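*Asks:* Let me begin by handing over the structure; questions about it come next.
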2 protein chains.
Amino acid sequence: MKTIFISGTAGSGKSSLTSKLIDYYTKNGAFTAAVNLDPGVESLPYTCDIDVRDYVDMISIMQQYELGPNGALVMANDLIASKIDDIQNEINRINPDYLIVDTPGQIELFAYRSSGKFLVENISSDEKTSIFLFDGALITTPVNFVSISLLATSIRLRLNLPTINVVTKTDLIGERIKDILKWSTSLSTLENAIAKDTDGDTYSLTTNILRGLNLGGFAQGLIPISNETGEGLVNLEGAMSRILNLGEEVED
Amino acid sequence: MKTIFISGTAGSGKSSLTSKLIDYYTKNGAFTAAVNLDPGVESLPYTCDIDVRDYVDMISIMQQYELGPNGALVMANDLIASKIDDIQNEINRINPDYLIVDTPGQIELFAYRSSGKFLVENISSDEKTSIFLFDGALITTPVNFVSISLLATSIRLRLNLPTINVVTKTDLIGERIKDILKWSTSLSTLENAIAKDTDGDTYSLTTNILRGLNLGGFAQGLIPISNETGEGLVNLEGAMSRILNLGEEVED
């Protein structure tokens with residue numbers, strides 16, 4: 001079994017991509033299952049095989065502990081970690097080729113509380129990878145691009161998984177995707193864009209950070225995806241395949 | 001009027017610090033008011049002068065739009081930005097020396113959706129500063145320290161405000177604060193700690209990022225604070241004063 005964790009900021013398209021990946025792998029003859037880790041989600045564009053909402057009920061938590069929505073979300077996320085054995089048993093029973101894990105809407109509940117890292121470390125799987133979604137609509141200015149890149153790198157360090165960076169919503173941002181991809185591969189282009197866009201202090205802070213990140217090559221190979229049209233999915237599958245199957249492609 | 005935005009991950013101590021700062025400034029004879037920007041918070045350890053819960057009601061939003069807690073939090077945060085004129089009128093009516101703005105529990109609702117940045121840009125004030133809280137309990141390993149530092153830098157770029165970095169919960173982490181402060185001022189000490197703590201890939205990624213960040217001096221002057229004992233508040237006030245009052249201290 002190979003496990004794929006989908007993370008990204010609220011509204012970046014995690015559940016849509018989960019749905020697209022299930023279709024993609026299923027069409028290619030692989031047995032694929034999906035896990036929803038978000039206790040507070042209302043509706044999902046795919047059928048979950050494993051759903052944490054079966055284990056924790058937000059409305060009961062709000063009532064029972066007299067918590068507001070914030071407190072209940074935090075508590076529910078922490079409770080889920082205590083259900084890891086039940087979740088693992090469900091996974092073992094299904095035993096898919098690919099397990100796609102759709103993480104909570106608010107990324108920090110998954111990435112910065114200990115429960116998320118605990119789940120990432122404790123779900124047993126032959127190989128694991130993480131896909132981080134750069135919300136296309138958020139990164140149309142160069143400083144926001146750097147800001148989300150820092151967030152992506154922060155989460156990569158927290159989760160400590162091989163990570164594929166993806167830009168979503170390419171159908172919404174038109175020609176801007178060309179700039180974004182240039183920024184992700186050419187430090188000088190990105191620095192020039194920042195210079196045009198900002199004052200002196202932000203420019204020096206941003207470019208100094210960038211030079212360090214660039215050494216690590218963190219935004220190399222940023223993959224553009226439209227969840228609307230499905231464009232880019234083949235490239236994403238190739239990148240995942242290199243991590244999960246040590247070079248084999250998914251069977252046709 | 002000087003405005004101070006308090007941000008940090010969920011549970012890092014934003015509301016506690018807001019409460020401590022109100023006490024501190026008030027004792028020193030400054031007229032201080034607090035704004036709560038979190039529509040989903042249950043209870044606060046201070047009396048709000050301006051409370052977004054007066055403008056948006058989470059429970060009504062959940063019922064009226066048939067949303068779960070996630071969706072309602074996102075919608076409520078976006079609605080708040082549309083109330084900026086009313087909020088500004090309330091601020092003008094109170095007209096404090098210091099306005100302390102306690103931001104939403106989930107940091108990404110404030111930092112990565114457009115409503116937070118809109119509020120930061122549009123509240124009119126003579127000077128503005130941001131305090132970012134490093135949750136002491138989260139940064140006791142060197143890689144987590146780097147991860148939260150990246151998040152802090154990401155948010156600093158998003159908000160584009162002069163920022164003071166603070167470590168909270170120093171009363172909980174004992175001697176570990178000494179290591180954290182060494183990591184924040186000596187790159188070689190931090191790199192050695194990471195080398196002991198991680199495998200080769202994480203080590204090279206992390207140290208490359210660090211070298212870039214260090215050029216920007218981002219974690220210089222990290223200020224330790226205990227919201228429990230109040231230790232460190234004087235240092236924090238000094239740092240804020242240098243930004244907000246161009247060197248004047250608050251009146252005694």
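All residue names refer to the structure tokens as shown: chains lettered A, B, ... in order, residues numbered from 1 in each chain, ligands numbered from 1 in order.
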Pull the strand (DSSP E) assignments for stretch 118-213 of chain A out of DSSP run on the backbone, and list those residues as a list in words.

*Replies:*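 Filtering stretch 118-213 of chain A to strand (DSSP E) leaves Glu127, Lys128, Thr129, Ser130, Ile131, Phe132, Leu133, Phe134, Thr163, Ile164, Asn165, Val166 and Val167 of chain A.
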
*Asks:* Selected residues, C-alpha atoms, written as a short mmCIF file (atom, residue, chain, number, x, y, z; two decimals), in the first residue's frame, please.

*Replies:*
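Below you can see out-v9.cif, which holds the result:
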```cif
data_model
loop_
_atom_site.label_atom_id
_atom_site.label_comp_id
_atom_site.auth_asym_id
_atom_site.auth_seq_id
_atom_site.Cartn_x
_atom_site.Cartn_y
_atom_site.Cartn_z
CA GLU A 127 5.59 4.21 1.04
CA LYS A 128 4.24 7.63 1.97
CA THR A 129 4.26 10.95 0.16
CA SER A 130 2.76 14.38 0.70
CA ILE A 131 1.22 16.68 -1.90
CA PHE A 132 1.17 20.34 -0.87
CA LEU A 133 -1.29 22.57 -2.72
CA PHE A 134 -0.28 26.14 -3.57
CA THR A 163 6.71 16.30 -0.87
CA ILE A 164 5.33 17.29 -4.27
CA ASN A 165 4.38 20.94 -4.68
CA VAL A 166 1.32 21.58 -6.83
CA VAL A 167 -0.36 24.83 -8.00
#
```

*Asks:* Counting only C-alpha atoms, collect the residues of chain A whose closest atom lies at most 9 Å from chain B, and write them out as a PyMOL selection string.

*Replies:* chain A and resi 9-10+39-43+58-59+66-74+105-109+112-114+138+143-144+146-158+160+202+204-218

*Asks:* Find the residues near stretch 22-29 of chain B: any atom within 12 Å, counting only C-alpha atoms, skip ones fewer than 6 places away on the same chain, and give them as a PyMOL selection string.

*Replies:* chain B and resi 2+4+15-16+35+45-49+96-102+227+230-238+240-241+249-252

*Asks:* Mind pulling up the distance from atom CA of A:Ile6 to atom CA of A:Ser82?

*Replies:* 21.0 Å

*Asks:* May I have the residues within 10 Å of stretch 90-92 of chain A as a PyMOL selection string, using only C-alpha atoms and disregarding those fewer than 4 positions away in the same chain?

*Replies:* chain A and resi 1+33-35+49-50+84-86+96+99+123-125

*Asks:* Please report the interatomic distance between atom CA of B:Asp54 and atom CA of A:Met75 in Å with one decimal.

*Replies:*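 Separation between atom CA of B:Asp54 and atom CA of A:Met75: 25.1 Å.
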
*Asks:* Interatomic distance between atom CA of B:Thr185 and atom CA of B:Thr141?

*Replies:*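 Taking atom CA of B:Thr185 and atom CA of B:Thr141, their separation equals 15.6 Å.
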
*Asks:* Which of these, A:Thr170, A:Gln64, A:Thr18, A:Ser7, has the shortest distance to A:Thr32 once you count only C-alpha atoms?

*Replies:*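 Counting only C-alpha atoms, the residue closest to A:Thr32 is A:Thr18.
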
*Asks:* Using the chain letters and numbers from this document, which residues of stretch 80-240 of chain B does DSSP assign to helix (DSSP H, G or I), as a PyMOL selection string?

*Replies:* chain B and resi 80-81+84-94+107-111+114-122+136-138+142-159+170-173+176-185+187-197+200-216+233-240
